[in-house]
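Structure data (compact mmCIF, N, CA and C atoms) from final08.txt:
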```
# COMPACT_ATOMS: atom_id res chain seq x y z
N MET F 1 134.27 38.09 -99.27
CA MET F 1 134.13 37.62 -100.64
C MET F 1 133.12 36.47 -100.68
N LYS F 2 132.14 36.58 -101.54
CA LYS F 2 131.15 35.53 -101.70
C LYS F 2 131.66 34.55 -102.74
N VAL F 3 131.59 33.29 -102.39
CA VAL F 3 132.02 32.23 -103.29
C VAL F 3 130.82 31.34 -103.56
N ASP F 4 130.46 31.21 -104.82
CA ASP F 4 129.29 30.41 -105.18
C ASP F 4 129.60 28.93 -105.36
N ARG F 5 130.81 28.63 -105.84
CA ARG F 5 131.15 27.24 -106.17
C ARG F 5 132.59 26.94 -105.78
N VAL F 6 132.79 25.73 -105.25
CA VAL F 6 134.13 25.27 -104.90
C VAL F 6 134.31 23.81 -105.34
N VAL F 7 135.56 23.46 -105.56
CA VAL F 7 135.95 22.08 -105.79
C VAL F 7 136.85 21.69 -104.62
N ILE F 8 136.58 20.54 -104.04
CA ILE F 8 137.40 20.04 -102.94
C ILE F 8 138.04 18.74 -103.40
N ASP F 9 139.36 18.70 -103.32
CA ASP F 9 140.13 17.54 -103.76
C ASP F 9 139.84 16.33 -102.87
N THR F 10 140.06 15.17 -103.42
CA THR F 10 139.81 13.91 -102.73
C THR F 10 140.54 13.82 -101.40
N ASN F 11 141.79 14.27 -101.34
CA ASN F 11 142.56 14.14 -100.10
C ASN F 11 141.92 14.92 -98.96
N VAL F 12 141.34 16.05 -99.26
CA VAL F 12 140.66 16.86 -98.24
C VAL F 12 139.37 16.18 -97.81
N LEU F 13 138.62 15.65 -98.75
CA LEU F 13 137.38 14.96 -98.42
C LEU F 13 137.62 13.74 -97.55
N ILE F 14 138.67 13.00 -97.84
CA ILE F 14 138.98 11.82 -97.04
C ILE F 14 139.45 12.23 -95.65
N SER F 15 140.29 13.23 -95.57
CA SER F 15 140.72 13.72 -94.25
C SER F 15 139.52 14.17 -93.42
N ALA F 16 138.60 14.84 -94.06
CA ALA F 16 137.39 15.30 -93.36
C ALA F 16 136.57 14.13 -92.84
N ALA F 17 136.48 13.08 -93.62
CA ALA F 17 135.72 11.89 -93.21
C ALA F 17 136.39 11.17 -92.05
N LEU F 18 137.71 11.16 -92.05
CA LEU F 18 138.45 10.43 -91.01
C LEU F 18 138.54 11.18 -89.69
N ILE F 19 138.61 12.51 -89.76
CA ILE F 19 138.78 13.31 -88.55
C ILE F 19 137.74 14.44 -88.57
N PRO F 20 136.56 14.18 -87.99
CA PRO F 20 135.44 15.11 -88.09
C PRO F 20 135.67 16.54 -87.56
N ALA F 21 136.60 16.75 -86.66
CA ALA F 21 136.82 18.10 -86.14
C ALA F 21 138.03 18.79 -86.78
N SER F 22 138.59 18.17 -87.80
CA SER F 22 139.81 18.68 -88.43
C SER F 22 139.55 19.91 -89.29
N VAL F 23 140.63 20.56 -89.68
CA VAL F 23 140.54 21.70 -90.60
C VAL F 23 139.88 21.27 -91.91
N PRO F 24 140.27 20.14 -92.52
CA PRO F 24 139.56 19.72 -93.73
C PRO F 24 138.06 19.52 -93.50
N ALA F 25 137.69 18.95 -92.35
CA ALA F 25 136.26 18.76 -92.05
C ALA F 25 135.54 20.09 -91.93
N GLN F 26 136.18 21.07 -91.32
CA GLN F 26 135.58 22.40 -91.22
C GLN F 26 135.36 23.01 -92.60
N CYS F 27 136.31 22.78 -93.50
CA CYS F 27 136.17 23.27 -94.88
C CYS F 27 134.98 22.63 -95.58
N VAL F 28 134.90 21.32 -95.48
CA VAL F 28 133.81 20.60 -96.13
C VAL F 28 132.47 21.03 -95.55
N ASP F 29 132.39 21.11 -94.22
CA ASP F 29 131.15 21.53 -93.57
C ASP F 29 130.73 22.93 -94.04
N TRP F 30 131.69 23.84 -94.08
CA TRP F 30 131.37 25.21 -94.50
C TRP F 30 130.92 25.22 -95.96
N ALA F 31 131.64 24.50 -96.80
CA ALA F 31 131.29 24.48 -98.23
C ALA F 31 129.89 23.91 -98.43
N LEU F 32 129.57 22.85 -97.73
CA LEU F 32 128.24 22.25 -97.88
C LEU F 32 127.13 23.18 -97.39
N ALA F 33 127.42 23.97 -96.38
CA ALA F 33 126.40 24.87 -95.82
C ALA F 33 126.29 26.21 -96.54
N ASN F 34 127.37 26.63 -97.21
CA ASN F 34 127.41 28.01 -97.71
C ASN F 34 127.66 28.20 -99.20
N THR F 35 127.96 27.15 -99.88
CA THR F 35 128.29 27.28 -101.30
C THR F 35 127.90 25.99 -102.01
N THR F 36 128.20 25.89 -103.26
CA THR F 36 127.91 24.69 -104.02
C THR F 36 129.20 23.93 -104.27
N LEU F 37 129.19 22.69 -103.88
CA LEU F 37 130.33 21.80 -104.09
C LEU F 37 130.18 21.15 -105.46
N LEU F 38 131.25 21.15 -106.24
CA LEU F 38 131.21 20.58 -107.58
C LEU F 38 131.89 19.21 -107.62
N PHE F 39 131.29 18.31 -108.36
CA PHE F 39 131.88 17.01 -108.65
C PHE F 39 131.72 16.75 -110.14
N SER F 40 132.65 15.98 -110.67
CA SER F 40 132.51 15.41 -112.01
C SER F 40 132.50 13.90 -111.83
N PRO F 41 132.10 13.17 -112.85
CA PRO F 41 132.18 11.71 -112.73
C PRO F 41 133.59 11.23 -112.37
N ASP F 42 134.61 11.85 -112.93
CA ASP F 42 135.99 11.44 -112.65
C ASP F 42 136.42 11.75 -111.21
N THR F 43 136.07 12.92 -110.70
CA THR F 43 136.49 13.26 -109.34
C THR F 43 135.72 12.42 -108.32
N PHE F 44 134.46 12.12 -108.61
CA PHE F 44 133.69 11.29 -107.68
C PHE F 44 134.20 9.85 -107.71
N GLU F 45 134.55 9.38 -108.88
CA GLU F 45 135.11 8.02 -109.00
C GLU F 45 136.41 7.92 -108.20
N GLU F 46 137.22 8.95 -108.25
CA GLU F 46 138.46 8.92 -107.47
C GLU F 46 138.16 8.84 -105.98
N LEU F 47 137.18 9.61 -105.51
CA LEU F 47 136.79 9.55 -104.10
C LEU F 47 136.35 8.14 -103.73
N GLN F 48 135.48 7.57 -104.53
CA GLN F 48 134.98 6.22 -104.24
C GLN F 48 136.11 5.19 -104.25
N THR F 49 136.94 5.23 -105.26
CA THR F 49 138.04 4.28 -105.38
C THR F 49 138.96 4.35 -104.17
N ARG F 50 139.29 5.56 -103.76
CA ARG F 50 140.20 5.72 -102.62
C ARG F 50 139.53 5.31 -101.31
N LEU F 51 138.31 5.73 -101.10
CA LEU F 51 137.66 5.49 -99.81
C LEU F 51 137.24 4.03 -99.61
N TRP F 52 137.12 3.27 -100.69
CA TRP F 52 136.81 1.85 -100.57
C TRP F 52 138.03 1.00 -100.27
N ARG F 53 139.19 1.59 -100.25
CA ARG F 53 140.41 0.82 -99.98
C ARG F 53 140.34 0.18 -98.60
N PRO F 54 140.82 -1.06 -98.49
CA PRO F 54 140.77 -1.76 -97.21
C PRO F 54 141.45 -1.04 -96.05
N LYS F 55 142.44 -0.19 -96.34
CA LYS F 55 143.13 0.49 -95.25
C LYS F 55 142.20 1.41 -94.45
N PHE F 56 141.05 1.76 -95.01
CA PHE F 56 140.10 2.61 -94.29
C PHE F 56 139.06 1.81 -93.50
N ASP F 57 139.10 0.49 -93.62
CA ASP F 57 138.11 -0.36 -92.96
C ASP F 57 138.08 -0.15 -91.45
N ARG F 58 139.21 0.08 -90.84
CA ARG F 58 139.22 0.25 -89.38
C ARG F 58 138.81 1.64 -88.93
N TYR F 59 138.69 2.58 -89.87
CA TYR F 59 138.32 3.95 -89.53
C TYR F 59 136.87 4.28 -89.87
N LEU F 60 136.39 3.71 -90.97
CA LEU F 60 135.05 4.01 -91.45
C LEU F 60 134.33 2.71 -91.80
N SER F 61 133.14 2.56 -91.27
CA SER F 61 132.35 1.37 -91.59
C SER F 61 131.84 1.48 -93.03
N LEU F 62 131.37 0.37 -93.55
CA LEU F 62 130.78 0.38 -94.89
C LEU F 62 129.60 1.34 -94.93
N GLU F 63 128.81 1.35 -93.86
CA GLU F 63 127.64 2.24 -93.80
C GLU F 63 128.07 3.71 -93.80
N GLN F 64 129.14 4.02 -93.08
CA GLN F 64 129.63 5.40 -93.07
C GLN F 64 130.10 5.83 -94.46
N ARG F 65 130.80 4.95 -95.13
CA ARG F 65 131.28 5.28 -96.47
C ARG F 65 130.11 5.42 -97.44
N ARG F 66 129.15 4.54 -97.35
CA ARG F 66 127.98 4.67 -98.22
C ARG F 66 127.26 5.99 -97.95
N ALA F 67 127.16 6.39 -96.68
CA ALA F 67 126.51 7.65 -96.33
C ALA F 67 127.29 8.84 -96.90
N ILE F 68 128.60 8.78 -96.84
CA ILE F 68 129.42 9.86 -97.41
C ILE F 68 129.15 9.98 -98.90
N PHE F 69 129.16 8.86 -99.60
CA PHE F 69 128.91 8.89 -101.05
C PHE F 69 127.51 9.41 -101.35
N HIS F 70 126.55 8.94 -100.60
CA HIS F 70 125.16 9.38 -100.81
C HIS F 70 125.04 10.89 -100.58
N ASP F 71 125.59 11.37 -99.47
CA ASP F 71 125.47 12.78 -99.13
C ASP F 71 126.20 13.67 -100.14
N MET F 72 127.39 13.27 -100.53
CA MET F 72 128.15 14.06 -101.51
C MET F 72 127.44 14.05 -102.86
N ARG F 73 126.95 12.89 -103.25
CA ARG F 73 126.24 12.78 -104.54
C ARG F 73 125.02 13.69 -104.56
N ALA F 74 124.30 13.72 -103.44
CA ALA F 74 123.07 14.50 -103.36
C ALA F 74 123.33 16.00 -103.23
N ALA F 75 124.39 16.38 -102.53
CA ALA F 75 124.63 17.80 -102.25
C ALA F 75 125.35 18.53 -103.38
N ALA F 76 126.05 17.80 -104.20
CA ALA F 76 126.91 18.44 -105.20
C ALA F 76 126.18 18.81 -106.48
N LEU F 77 126.76 19.78 -107.15
CA LEU F 77 126.36 20.10 -108.52
C LEU F 77 127.30 19.29 -109.41
N TRP F 78 126.69 18.54 -110.32
CA TRP F 78 127.48 17.66 -111.18
C TRP F 78 127.79 18.35 -112.50
N ILE F 79 129.07 18.34 -112.84
CA ILE F 79 129.57 18.96 -114.06
C ILE F 79 130.36 17.90 -114.83
N THR F 80 130.16 17.85 -116.12
CA THR F 80 130.99 17.01 -116.97
C THR F 80 131.84 17.94 -117.83
N PRO F 81 133.10 18.13 -117.44
CA PRO F 81 133.96 19.04 -118.21
C PRO F 81 134.14 18.57 -119.64
N GLU F 82 134.30 19.54 -120.51
CA GLU F 82 134.62 19.22 -121.90
C GLU F 82 135.98 18.54 -121.94
N PRO F 83 136.16 17.57 -122.82
CA PRO F 83 137.48 16.94 -122.93
C PRO F 83 138.54 18.00 -123.25
N SER F 84 139.69 17.87 -122.60
CA SER F 84 140.75 18.85 -122.78
C SER F 84 142.11 18.17 -122.71
N THR F 85 143.02 18.67 -123.49
CA THR F 85 144.39 18.17 -123.44
C THR F 85 145.30 19.15 -122.69
N THR F 86 144.74 20.22 -122.18
CA THR F 86 145.51 21.20 -121.44
C THR F 86 145.98 20.60 -120.12
N THR F 87 147.26 20.74 -119.85
CA THR F 87 147.79 20.27 -118.58
C THR F 87 148.20 21.46 -117.73
N PHE F 88 147.97 21.33 -116.44
CA PHE F 88 148.29 22.38 -115.49
C PHE F 88 149.24 21.90 -114.41
N SER F 89 149.06 20.66 -113.98
CA SER F 89 149.74 20.13 -112.82
C SER F 89 150.93 19.26 -113.20
N ARG F 90 151.85 19.11 -112.23
CA ARG F 90 152.97 18.18 -112.43
C ARG F 90 152.46 16.75 -112.56
N ASP F 91 151.32 16.47 -111.94
CA ASP F 91 150.69 15.15 -112.02
C ASP F 91 149.44 15.29 -112.89
N PRO F 92 149.50 14.83 -114.13
CA PRO F 92 148.36 15.00 -115.04
C PRO F 92 147.05 14.44 -114.50
N ASP F 93 147.11 13.47 -113.59
CA ASP F 93 145.90 12.91 -113.01
C ASP F 93 145.16 13.94 -112.15
N ASP F 94 145.87 14.93 -111.66
CA ASP F 94 145.25 15.98 -110.84
C ASP F 94 144.53 17.04 -111.67
N ASP F 95 144.83 17.08 -112.95
CA ASP F 95 144.21 18.09 -113.81
C ASP F 95 142.69 18.01 -113.84
N LYS F 96 142.14 16.83 -113.56
CA LYS F 96 140.68 16.70 -113.58
C LYS F 96 140.01 17.66 -112.59
N PHE F 97 140.68 17.99 -111.50
CA PHE F 97 140.12 18.92 -110.52
C PHE F 97 140.12 20.35 -111.06
N ILE F 98 141.18 20.70 -111.77
CA ILE F 98 141.25 22.04 -112.38
C ILE F 98 140.25 22.15 -113.51
N HIS F 99 140.16 21.12 -114.34
CA HIS F 99 139.20 21.14 -115.45
C HIS F 99 137.77 21.25 -114.91
N LEU F 100 137.48 20.54 -113.83
CA LEU F 100 136.16 20.63 -113.21
C LEU F 100 135.91 22.04 -112.70
N ALA F 101 136.88 22.60 -111.99
CA ALA F 101 136.71 23.95 -111.45
C ALA F 101 136.49 24.98 -112.55
N LEU F 102 137.24 24.88 -113.62
CA LEU F 102 137.09 25.83 -114.72
C LEU F 102 135.75 25.64 -115.43
N SER F 103 135.37 24.41 -115.71
CA SER F 103 134.09 24.15 -116.38
C SER F 103 132.91 24.56 -115.52
N GLY F 104 133.03 24.37 -114.22
CA GLY F 104 131.94 24.69 -113.30
C GLY F 104 132.00 26.10 -112.74
N LYS F 105 132.97 26.88 -113.21
CA LYS F 105 133.14 28.26 -112.77
C LYS F 105 133.30 28.38 -111.25
N ALA F 106 134.09 27.47 -110.70
CA ALA F 106 134.40 27.52 -109.27
C ALA F 106 135.46 28.59 -109.03
N ALA F 107 135.33 29.27 -107.91
CA ALA F 107 136.31 30.30 -107.54
C ALA F 107 137.53 29.69 -106.87
N TRP F 108 137.31 28.60 -106.13
CA TRP F 108 138.38 28.02 -105.34
C TRP F 108 138.46 26.51 -105.51
N LEU F 109 139.68 26.02 -105.48
CA LEU F 109 139.97 24.59 -105.43
C LEU F 109 140.73 24.37 -104.13
N ILE F 110 140.16 23.55 -103.26
CA ILE F 110 140.74 23.30 -101.94
C ILE F 110 141.46 21.95 -102.01
N THR F 111 142.75 21.95 -101.68
CA THR F 111 143.55 20.74 -101.79
C THR F 111 144.72 20.75 -100.83
N GLY F 112 145.21 19.59 -100.53
CA GLY F 112 146.45 19.44 -99.78
C GLY F 112 147.55 18.90 -100.67
N ASP F 113 147.25 18.70 -101.94
CA ASP F 113 148.16 18.10 -102.90
C ASP F 113 149.14 19.15 -103.43
N GLN F 114 150.42 18.92 -103.15
CA GLN F 114 151.45 19.88 -103.58
C GLN F 114 151.50 20.03 -105.10
N ASP F 115 151.16 18.98 -105.83
CA ASP F 115 151.16 19.08 -107.29
C ASP F 115 150.14 20.10 -107.78
N LEU F 116 149.06 20.28 -107.04
CA LEU F 116 148.07 21.30 -107.39
C LEU F 116 148.40 22.65 -106.75
N LEU F 117 148.93 22.63 -105.55
CA LEU F 117 149.20 23.89 -104.85
C LEU F 117 150.28 24.74 -105.52
N VAL F 118 151.14 24.11 -106.30
CA VAL F 118 152.19 24.88 -106.98
C VAL F 118 151.73 25.45 -108.32
N VAL F 119 150.54 25.09 -108.75
CA VAL F 119 150.00 25.61 -110.01
C VAL F 119 149.65 27.09 -109.81
N THR F 120 150.09 27.91 -110.74
CA THR F 120 149.82 29.35 -110.64
C THR F 120 149.02 29.84 -111.84
N ALA F 121 148.29 30.90 -111.62
CA ALA F 121 147.61 31.63 -112.68
C ALA F 121 146.74 30.76 -113.60
N VAL F 122 145.69 30.23 -113.03
CA VAL F 122 144.71 29.48 -113.83
C VAL F 122 143.42 30.30 -113.84
N GLU F 123 143.28 31.08 -114.89
CA GLU F 123 142.10 31.93 -115.07
C GLU F 123 141.68 32.58 -113.75
N ASN F 124 140.41 32.43 -113.35
CA ASN F 124 139.91 33.05 -112.12
C ASN F 124 139.86 32.06 -110.97
N LEU F 125 140.65 31.02 -111.03
CA LEU F 125 140.64 29.97 -110.03
C LEU F 125 141.79 30.17 -109.05
N GLU F 126 141.45 30.12 -107.76
CA GLU F 126 142.47 30.17 -106.72
C GLU F 126 142.58 28.79 -106.09
N ILE F 127 143.79 28.27 -106.06
CA ILE F 127 144.05 26.95 -105.49
C ILE F 127 144.69 27.16 -104.13
N MET F 128 144.10 26.54 -103.09
CA MET F 128 144.60 26.79 -101.74
C MET F 128 144.42 25.59 -100.82
N THR F 129 145.15 25.63 -99.71
CA THR F 129 145.04 24.59 -98.70
C THR F 129 143.76 24.79 -97.88
N PRO F 130 143.35 23.75 -97.15
CA PRO F 130 142.20 23.92 -96.27
C PRO F 130 142.41 25.03 -95.23
N ALA F 131 143.61 25.13 -94.68
CA ALA F 131 143.88 26.18 -93.68
C ALA F 131 143.73 27.57 -94.30
N ARG F 132 144.24 27.75 -95.49
CA ARG F 132 144.11 29.05 -96.18
C ARG F 132 142.64 29.35 -96.50
N PHE F 133 141.92 28.33 -96.89
CA PHE F 133 140.49 28.47 -97.16
C PHE F 133 139.77 28.99 -95.93
N LEU F 134 140.01 28.38 -94.78
CA LEU F 134 139.35 28.84 -93.55
C LEU F 134 139.75 30.26 -93.20
N GLU F 135 141.02 30.58 -93.42
CA GLU F 135 141.47 31.96 -93.20
C GLU F 135 140.69 32.94 -94.06
N ARG F 136 140.52 32.60 -95.32
CA ARG F 136 139.83 33.49 -96.27
C ARG F 136 138.36 33.66 -95.91
N ILE F 137 137.67 32.58 -95.54
CA ILE F 137 136.24 32.71 -95.28
C ILE F 137 135.96 33.39 -93.95
N ARG F 138 136.94 33.40 -93.06
CA ARG F 138 136.75 34.03 -91.75
C ARG F 138 137.02 35.52 -91.78
N LYS F 139 137.57 36.03 -92.88
CA LYS F 139 137.87 37.47 -93.01
C LYS F 139 136.62 38.22 -93.40
```
Structure encoded using C-alpha cells:
Amino acid sequence: MKVDRVVIDTNVLISAALIPASVPAQCVDWALANTTLLFSPDTFEELQTRLWRPKFDRYLSLEQRRAIFHDMRAAALWITPEPSTTTFSRDPDDDKFIHLALSGKAAWLITGDQDLLVVTAVENLEIMTPARFLERIRK
C-alpha cells in the first residue's frame, strides 16, 4: 500500500529523538524518506513545548533540539486545518492530530496515545501504533 501522507503524534516524535534505534525512530525515518509528514501550527507547537521541557536537558542538547525543529519544519508539509468543533478523542487536546490528518488527507496517524488509538472509524484515516505502522509498511 502506498501512503502519500502521514501524521506522527508528538509522543512518537519525542521517543524517536530520545532513542535513535527505537521503533518510533524507525517510523519517523521511514516517513521522512518515503512519504510526506504533515504538521499544523498546533501540532508543531506541542512538539516544541514538550521538547523544551527541562526534563529532556540531560538527553538532548539545545543544539540537538534546535536541529530537530529545523529538520521537521523543513521536511513537513504544513497544513492549517479549518476550525472544527468535531470531537473524536477522549482527550479533546488530541483532536488536533485527527483534524490535521483529515485536512491534509493523511492515510495514517501514528501514535502511542491510547486516547487516539481507541478512536474508530474516522473517514479514510487509520490510527495505529509505531509497531503496527512498521508491520504494515514491511508487508
List every protein, DNA or RNA residue that has at least one atom no more than 7 Å from (136.1, 24.7, -105.5) in the file's coordinates, counting all atoms listed in the file, and write the result as a VMD selection string. chain F and resid 5 to 8 37 to 38 101 106 to 110
DSSP on the backbone, alpha helix (DSSP H) only: what residues of stretch 94-138 of chain F does that give? Format it as a PyMOL selection string. chain F and resi 95-103+114-117+130-138
Tell me, in Å to one decimal, how far atom CA of F:Asn11 is from atom C of F:Lys139.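 These atoms are spaced 25.7 Å apart.
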In Å, how far is it from atom CA of F:Trp78 to atom CA of F:Pro41? 7.7 Å
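Picture a line from atom C of F:Gly104 to atom CA of F:Val122; it runs 13.2 Å.
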Please give the complete set of residues from chain F that DSSP, run on the backbone, assigns to strand (DSSP E), formatted as an MDAnalysis selection string. chainID F and resid 5:8 36:39 77:78 108:110 126:128
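Checking F:Asp91, F:Glu123, F:Asp9, F:Asp115 one by one against F:Thr43, counting all atoms listed in the file, you find the shortest gap at F:Asp9.
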Determine, counting only N, CA and C atoms, which protein, DNA and RNA residues have an atom within 8 Å of an atom of F:Glu82; residues of the same chain fewer than 5 positions away are not included. Present the result as a VMD selection string. chain F and resid 99 to 100 103
Neighbour list for F:Ile14 as an MDAnalysis selection string, cut-off 10 Å, only C-alpha atoms, skip fewer than 3 positions in-chain: chainID F and resid 9:11 17:19 24:25 47:48 50:51 56 68
